[in-house]
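File shown: model15.tsv. Contents: TSV, C-alpha atoms.
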chain	number	residue	atom	x	y	z
A	8	MET	CA	73.95	-20.75	29.17
A	9	ASP	CA	73.20	-22.42	25.82
A	10	ASN	CA	69.47	-22.23	26.53
A	11	ARG	CA	69.68	-18.48	27.13
A	12	ILE	CA	71.67	-17.98	23.93
A	13	ASN	CA	69.18	-20.10	21.96
A	14	SER	CA	66.31	-18.14	23.49
A	15	VAL	CA	67.93	-14.82	22.56
A	16	ASN	CA	68.67	-16.09	19.04
A	17	ARG	CA	65.04	-17.18	18.62
A	18	LYS	CA	63.86	-13.75	19.76
A	19	ILE	CA	66.24	-12.06	17.34
A	20	ASP	CA	65.05	-14.35	14.53
A	21	ILE	CA	61.41	-13.59	15.33
A	22	PHE	CA	62.15	-9.86	15.49
A	23	PHE	CA	63.85	-9.84	12.08
A	24	TRP	CA	61.11	-12.02	10.59
A	25	LEU	CA	58.46	-9.56	11.82
A	26	VAL	CA	60.42	-6.57	10.50
A	27	TYR	CA	60.93	-8.29	7.16
A	28	THR	CA	57.29	-9.36	6.70
A	29	ASN	CA	56.02	-5.91	7.69
A	30	PHE	CA	58.47	-4.33	5.26
A	31	ILE	CA	57.33	-6.59	2.42
A	32	ARG	CA	53.68	-5.90	3.21
A	33	GLU	CA	54.31	-2.13	3.24
A	34	VAL	CA	56.15	-2.32	-0.09
A	35	ARG	CA	53.29	-4.27	-1.67
A	36	LEU	CA	50.67	-1.87	-0.33
A	37	THR	CA	52.70	1.14	-1.41
A	38	LEU	CA	53.13	-0.24	-4.92
A	39	TYR	CA	49.44	-1.06	-5.21
A	40	PHE	CA	47.91	1.99	-3.59
A	41	LYS	CA	50.52	4.64	-4.29
A	42	SER	CA	48.17	6.68	-6.47
A	43	LYS	CA	45.24	6.57	-8.87
A	44	GLU	CA	47.63	5.04	-11.40
A	45	ALA	CA	47.22	1.72	-9.58
A	46	VAL	CA	43.51	1.75	-10.41
A	47	ILE	CA	43.35	3.72	-13.66
A	48	LEU	CA	45.28	2.61	-16.73
A	49	LYS	CA	47.54	5.16	-18.32
A	50	LYS	CA	46.05	6.32	-21.61
A	51	GLU	CA	48.75	4.72	-23.76
A	52	LEU	CA	48.27	1.34	-22.11
A	53	ALA	CA	44.47	1.68	-22.31
A	54	THR	CA	44.80	2.43	-26.03
A	55	GLN	CA	46.95	-0.67	-26.50
A	56	VAL	CA	44.47	-2.86	-24.61
A	57	ASN	CA	41.58	-1.47	-26.68
A	58	ALA	CA	43.51	-2.22	-29.88
A	59	TYR	CA	44.04	-5.76	-28.58
A	60	LEU	CA	40.31	-5.98	-27.87
A	61	ALA	CA	39.62	-4.83	-31.43
A	62	ASN	CA	41.88	-7.55	-32.84
A	63	ILE	CA	40.14	-10.14	-30.69
A	64	GLY	CA	36.76	-8.90	-31.97
A	65	VAL	CA	37.84	-9.10	-35.60
A	66	SER	CA	39.39	-12.53	-35.01
A	67	TYR	CA	36.19	-13.74	-33.36
A	68	ILE	CA	34.14	-12.88	-36.46
A	69	LYS	CA	36.88	-14.18	-38.74
A	70	LEU	CA	36.83	-17.55	-36.94
A	71	HIS	CA	33.08	-17.78	-37.55
A	72	ASN	CA	33.69	-17.04	-41.22
A	73	LEU	CA	36.30	-19.82	-41.41
A	74	HIS	CA	34.05	-22.18	-39.43
A	75	TRP	CA	31.24	-21.68	-41.94
A	76	ASN	CA	33.39	-21.71	-45.08
A	77	VAL	CA	36.08	-24.32	-44.51
A	78	VAL	CA	35.98	-27.22	-46.98
A	79	GLY	CA	37.92	-30.39	-47.64
A	80	SER	CA	38.45	-33.94	-46.53
A	81	GLN	CA	39.09	-32.87	-42.92
A	82	PHE	CA	36.04	-30.57	-42.86
A	83	LYS	CA	34.38	-32.00	-39.76
A	84	ALA	CA	37.49	-31.85	-37.56
A	85	ALA	CA	38.40	-28.34	-38.76
A	86	HIS	CA	34.79	-27.12	-38.48
A	87	GLU	CA	34.53	-28.33	-34.88
A	88	TYR	CA	37.99	-27.06	-33.92
A	89	LEU	CA	37.23	-23.60	-35.29
A	90	GLU	CA	34.08	-23.55	-33.17
A	91	THR	CA	36.08	-24.30	-30.02
A	92	LEU	CA	38.45	-21.47	-30.93
A	93	TYR	CA	35.74	-18.86	-31.37
A	94	ASP	CA	34.00	-20.00	-28.20
A	95	ALA	CA	37.25	-19.56	-26.28
A	96	LEU	CA	37.90	-16.20	-27.92
A	97	ALA	CA	34.47	-14.98	-26.82
A	98	ASP	CA	35.63	-15.45	-23.22
A	99	VAL	CA	38.85	-13.53	-23.92
A	100	LEU	CA	36.87	-10.72	-25.55
A	101	ASP	CA	34.64	-10.42	-22.49
A	102	ALA	CA	37.54	-10.61	-20.01
A	103	ILE	CA	39.52	-7.88	-21.78
A	104	ALA	CA	36.48	-5.58	-22.03
A	105	GLU	CA	35.84	-6.11	-18.31
A	106	LEU	CA	39.51	-5.46	-17.55
A	107	LEU	CA	39.20	-2.09	-19.27
A	108	LYS	CA	36.00	-1.29	-17.34
A	109	MET	CA	37.57	-2.25	-14.00
A	110	ASN	CA	40.38	0.18	-14.76
A	111	GLY	CA	38.10	3.10	-15.57
A	112	GLU	CA	38.27	2.83	-19.35
A	113	ALA	CA	35.58	2.39	-21.99
A	114	PRO	CA	36.12	-0.69	-24.14
A	115	LEU	CA	35.46	-0.53	-27.85
A	116	ALA	CA	32.16	-2.29	-28.41
A	117	SER	CA	31.24	-2.10	-32.08
A	118	MET	CA	32.56	-3.54	-35.33
A	119	LYS	CA	33.06	0.01	-36.57
A	120	GLY	CA	35.20	0.74	-33.51
A	121	TYR	CA	37.12	-2.52	-33.87
A	122	LEU	CA	37.82	-2.01	-37.56
A	123	SER	CA	39.05	1.53	-36.97
A	124	VAL	CA	42.00	0.29	-34.87
A	125	ALA	CA	42.42	-3.43	-35.62
A	126	THR	CA	45.60	-4.62	-37.29
A	127	ILE	CA	44.25	-8.10	-38.01
A	128	PRO	CA	42.46	-7.94	-41.36
A	129	GLU	CA	38.95	-9.15	-42.06
A	130	LEU	CA	38.44	-12.10	-44.38
A	131	GLU	CA	36.08	-12.24	-47.34
A	132	SER	CA	33.35	-14.87	-47.15
A	133	VAL	CA	34.81	-17.47	-49.49
A	134	GLU	CA	35.42	-21.17	-49.20
A	135	LEU	CA	38.90	-22.10	-47.97
A	136	ASP	CA	40.52	-25.50	-47.78
A	137	VAL	CA	41.45	-26.76	-44.33
A	138	LYS	CA	45.17	-26.00	-44.72
A	139	SER	CA	44.55	-22.40	-45.83
A	140	ALA	CA	42.03	-21.88	-43.02
A	141	MET	CA	44.47	-23.19	-40.41
A	142	GLN	CA	47.30	-21.06	-41.82
A	143	THR	CA	45.05	-18.01	-41.53
A	144	VAL	CA	44.19	-18.84	-37.92
A	145	LEU	CA	47.85	-19.51	-37.11
A	146	LYS	CA	48.90	-16.11	-38.40
A	147	ASP	CA	46.17	-14.37	-36.38
A	148	MET	CA	46.95	-16.30	-33.18
A	149	GLU	CA	50.63	-15.39	-33.54
A	150	SER	CA	49.66	-11.73	-33.97
A	151	LEU	CA	47.43	-11.82	-30.88
A	152	ARG	CA	50.15	-13.53	-28.86
A	153	THR	CA	52.70	-10.89	-29.87
A	154	GLN	CA	50.29	-8.09	-29.03
A	155	ALA	CA	49.44	-9.61	-25.63
A	156	PHE	CA	53.14	-10.06	-24.89
A	157	PHE	CA	53.95	-6.41	-25.60
A	158	ILE	CA	50.97	-5.21	-23.54
A	159	ARG	CA	52.17	-7.45	-20.70
A	160	GLU	CA	55.63	-5.86	-20.86
A	161	GLN	CA	54.19	-2.33	-20.81
A	162	ALA	CA	51.77	-3.15	-18.00
A	163	ASP	CA	54.59	-4.61	-15.92
A	164	LYS	CA	56.55	-1.34	-16.25
A	165	GLU	CA	53.47	0.53	-15.01
A	166	ASN	CA	52.74	-1.89	-12.12
A	167	GLN	CA	49.36	-2.83	-13.63
A	168	PHE	CA	49.33	-6.28	-12.09
A	169	ASP	CA	45.82	-7.17	-13.22
A	170	VAL	CA	46.73	-6.44	-16.83
A	171	VAL	CA	49.98	-8.41	-16.49
A	172	ALA	CA	48.10	-11.43	-15.15
A	173	HIS	CA	45.51	-11.34	-17.96
A	174	MET	CA	48.15	-11.03	-20.65
A	175	GLU	CA	50.25	-13.85	-19.20
A	176	ASP	CA	47.21	-16.13	-19.27
A	177	ASP	CA	46.40	-15.08	-22.82
A	178	VAL	CA	49.97	-15.64	-24.03
A	179	ALA	CA	49.98	-19.12	-22.48
A	180	ASN	CA	46.67	-19.97	-24.18
A	181	TYR	CA	47.89	-18.64	-27.55
A	182	ASN	CA	51.05	-20.74	-27.20
A	183	LYS	CA	48.96	-23.88	-26.81
A	184	THR	CA	46.66	-22.97	-29.71
A	185	ILE	CA	49.65	-22.21	-31.94
A	186	TRP	CA	51.19	-25.56	-31.05
A	187	PHE	CA	47.92	-27.35	-31.91
A	188	ILE	CA	47.62	-25.60	-35.27
A	189	GLN	CA	51.28	-26.12	-36.17
A	190	SER	CA	50.85	-29.82	-35.38
A	191	MET	CA	47.73	-29.96	-37.58
A	192	LEU	CA	49.64	-28.39	-40.46
A	193	LYS	CA	52.49	-30.96	-40.46
Can you turn what I pasted into structure tokens?
Amino acid sequence: MDNRINSVNRKIDIFFWLVYTNFIREVRLTLYFKSKEAVILKKELATQVNAYLANIGVSYIKLHNLHWNVVGSQFKAAHEYLETLYDALADVLDAIAELLKMNGEAPLASMKGYLSVATIPELESVELDVKSAMQTVLKDMESLRTQAFFIREQADKENQFDVVAHMEDDVANYNKTIWFIQSMLK
């Protein structure tokens, strides 16, 4: 008798597991393929991502400026660190532009376009001591992190999972960079 009950219980468990997994799969597919909105960014979100791209573009050039014009007793370390930052930001710039393209949007692709929407200001080509240079970078990285965080929140509301994933990665990378710079400034 116990064997029959165990057999029936196993069949019931398997039945409910199959129903549950099929339900979850259907929910995921429905959320992803429910309409064109799953593939095309809503205009407001696309505008926000393009503004983020613009700030990355301005920051990329600004990091070169700082790399070339930093001075002081810690010049070599700062010079090399700034180079690693702009190299990394080049990858972010490319990934965000490609994210826009994959979602049917045209990324901004000129300094004129970037400057028309960027909120991160350009920097004049003047020598800066290491501390001032790092403070400038810190402020910009904090701005980029905040912007990526808000885009992530908006994208999550719109079920734009690819945008959410990119922004989460970017926020994590900014957090590490900010920690490095804050530690350098102590």
**OP:** Go through A:Val78, A:Leu145, A:Leu151, A:Ala179 one by one, measure the shortest atom-to-atom distance of each to Ala125 (chain A) using only C-alpha atoms, and give the residue with the smallest value.
**Re:** A:Leu151
**OP:** Choose the residue, out of A:Ile185, A:Val178, A:Ala155, A:Ala61, that has the smallest atom-to-atom separation from Ala104 (chain A); count only C-alpha atoms.
**Re:**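 Nearest candidate to Ala104 (chain A) out of A:Ile185, A:Val178, A:Ala155, A:Ala61: A:Ala61.
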**OP:** Please measure the separation of CA of Glu149 (chain A) and CA of Asn62 (chain A), giving the value in Å to one decimal.
**Re:** 11.8 Å
**OP:** Would you mind reading off the distance between CA of Leu135 (chain A) and CA of Leu73 (chain A), one decimal, in Å?
**Re:**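 Here the two named atoms are 7.4 Å from each other.
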Original post:
So how far away is CA of Leu107 (chain A) from CA of Gly120 (chain A), in Å?
Top reply: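 Result for CA of Gly120 (chain A) versus CA of Leu107 (chain A): 15.1 Å, one decimal.
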Subject >> Given all atoms listed in the file as the counted atoms, nearest of A:Gln161, A:Ser139, A:Thr153, A:Ser123 to Asn76 (chain A) >> reply: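 Residue with the minimum atom-to-atom distance to Asn76 (chain A): A:Ser139.
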